[in-house]
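Before any comments, here is the structure.
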Amino acid sequence: MFKIVLRGLTAAALLTVPLTTPAAADSARHVALLPLAAAIDLLPAAAESRDGFQRTAFKHWVDADHDSCNTRAEVLIAESRVEPTVEAACKVTAGEWYSYYDGVIVTTPGGLDIDHMVPLAEAWDSGASAWTAARREAYANDLDADRSLVAVTAKTNRSKADQDPADWLPPLADARCTYTADWVATKLRWQLAVDDRERSALTGLAEGCGQQSAEYEPAL
């Protein structure tokens, strides 16, 4: 029931994952697995614009399946490395979480933020401004891809804010290749664009990530 988070693995550990072809796909689920550099090449290009952005344009932390657990609680439950303590009204009060951005273990949920891998403002800049409200809500509460939402220390999430990898990377160096792959996978999943500066930063990061891959399933 409870997912063991593997995002904290180093890039070296990920080298053991076999790639049978340059781009493999699960035909049933349409899951694409590509070398990181090839995945970056697939990202659509566009200039960014934050005109009109409001955080309220993305309705988030909803209870989509009406089980009393909102999106934040669902992520906390899924990512706890031990069975979490969940009280009435799906209030998560204890567990154990690994914040892969900084390598910190957290046992009280109050010390965690749920980070949108690609921040809401960045998503808006990159194409979400043209989406319907329903699609923006789906993006902000995306529980169908492990990379979309991640429980991390509040300190690192607030340090990141709405910055892309050209301006911010996890303080834990061993996390940066995983983070780059997660960022690229999320943008490909939602067909969000990158500008020239962002693409240049991602390409430079990929050069130091060996056989790191990016895996994603396009959002409906």
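By order of appearance in the structure tokens: chains A, B, ..., then residues from 1 within every chain, and ligands from 1 in the order shown.
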
- Excluding A:Ala64 and any residue of its chain fewer than 4 positions from it, enumerate the residues within 12 Å of it, using only C-alpha atoms, and give them as a list in words.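 Counting only C-alpha atoms, the residues come to Lys59, His60, Ser68, Cys69, Asn70, Thr71, Arg72, Ala73, Glu74, Ala134, Glu137, Ala138, Ala140, Asn141, Asp142, Leu143 and Asp144 of chain A.
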
- Item | Residue contacts of A:Pro165 (8 Å, only C-alpha atoms) excluding same-chain residues fewer than 3 positions away, as a list of chain:residue names |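 Counting only the stated atoms, we get A:Trp168, A:Leu169, A:Thr180, A:Glu198, A:Ala201, A:Leu202.
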
- Message: For the structure I just gave you, how does DSSP split stretch 85-209 of chain A - specifically, which residues are helix (DSSP H, G or I)? Reply as a ChimeraX atom specification.
- Response: /A:88-90,109-111,120-125,128-130,133-140,154-160,173-190,196-207

- What lies within 12 Å of A:Asp195 using only C-alpha atoms, ignoring chain neighbours under 5 positions off, as a ChimeraX atom specification? /A:40,43-49,122,125-127,164-166,200-202

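Distances here use only C-alpha atoms; by that measure, the residue among A:Gly95, A:Gly111, A:Gly103, A:Pro218 closest to A:Ala185 is A:Pro218.
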
- Identify, on the basis of only C-alpha atoms, every residue whose closest approach to A:Asn157 does not exceed 9 Å; exclude the query and any residue fewer than 4 positions from it along the same chain; express the result as an NGL selection string. :A and (101 or 112-115 or 152-153 or 161)

Store the residues of this selection in a file with N, CA, C and O atoms, as a short mmCIF file (atom, residue, chain, number, x, y, z; two decimals), in the first residue's frame.
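Written output follows (selection02.cif):
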data_model
loop_
_atom_site.label_atom_id
_atom_site.label_comp_id
_atom_site.auth_asym_id
_atom_site.auth_seq_id
_atom_site.Cartn_x
_atom_site.Cartn_y
_atom_site.Cartn_z
N TYR A 101 15.69 16.19 -2.19
CA TYR A 101 16.40 17.40 -2.60
C TYR A 101 17.62 17.66 -1.71
O TYR A 101 18.63 18.18 -2.18
N LEU A 112 7.19 19.33 6.09
CA LEU A 112 7.23 19.02 4.66
C LEU A 112 6.31 19.93 3.86
O LEU A 112 5.24 20.31 4.31
N ASP A 113 6.75 20.25 2.66
CA ASP A 113 5.89 20.83 1.64
C ASP A 113 5.72 19.79 0.54
O ASP A 113 6.60 18.94 0.33
N ILE A 114 4.60 19.85 -0.15
CA ILE A 114 4.43 19.04 -1.36
C ILE A 114 4.78 19.94 -2.53
O ILE A 114 4.08 20.92 -2.83
N ASP A 115 5.88 19.61 -3.16
CA ASP A 115 6.40 20.44 -4.26
C ASP A 115 5.82 19.98 -5.59
O ASP A 115 5.83 18.79 -5.90
N VAL A 152 9.00 17.19 0.18
CA VAL A 152 10.36 17.62 0.47
C VAL A 152 10.34 18.59 1.65
O VAL A 152 9.28 19.10 2.02
N THR A 153 11.49 18.85 2.21
CA THR A 153 11.53 19.79 3.32
C THR A 153 11.01 21.16 2.87
O THR A 153 11.25 21.60 1.75
N ALA A 161 11.13 27.83 -4.84
CA ALA A 161 10.05 28.74 -5.24
C ALA A 161 9.56 28.38 -6.65
O ALA A 161 9.20 27.24 -6.90
#

- Message: Please report the interatomic distance between atom CA of A:Ala39 and atom CA of A:Ala175 in Å with one decimal.
- Response: 18.4 Å

- So which residues of stretch 62-156 of chain A fall under strand (DSSP E) by DSSP, listed as a ChimeraX atom specification? /A:85-87,91-94,97-99,104-106,112-116,149-153
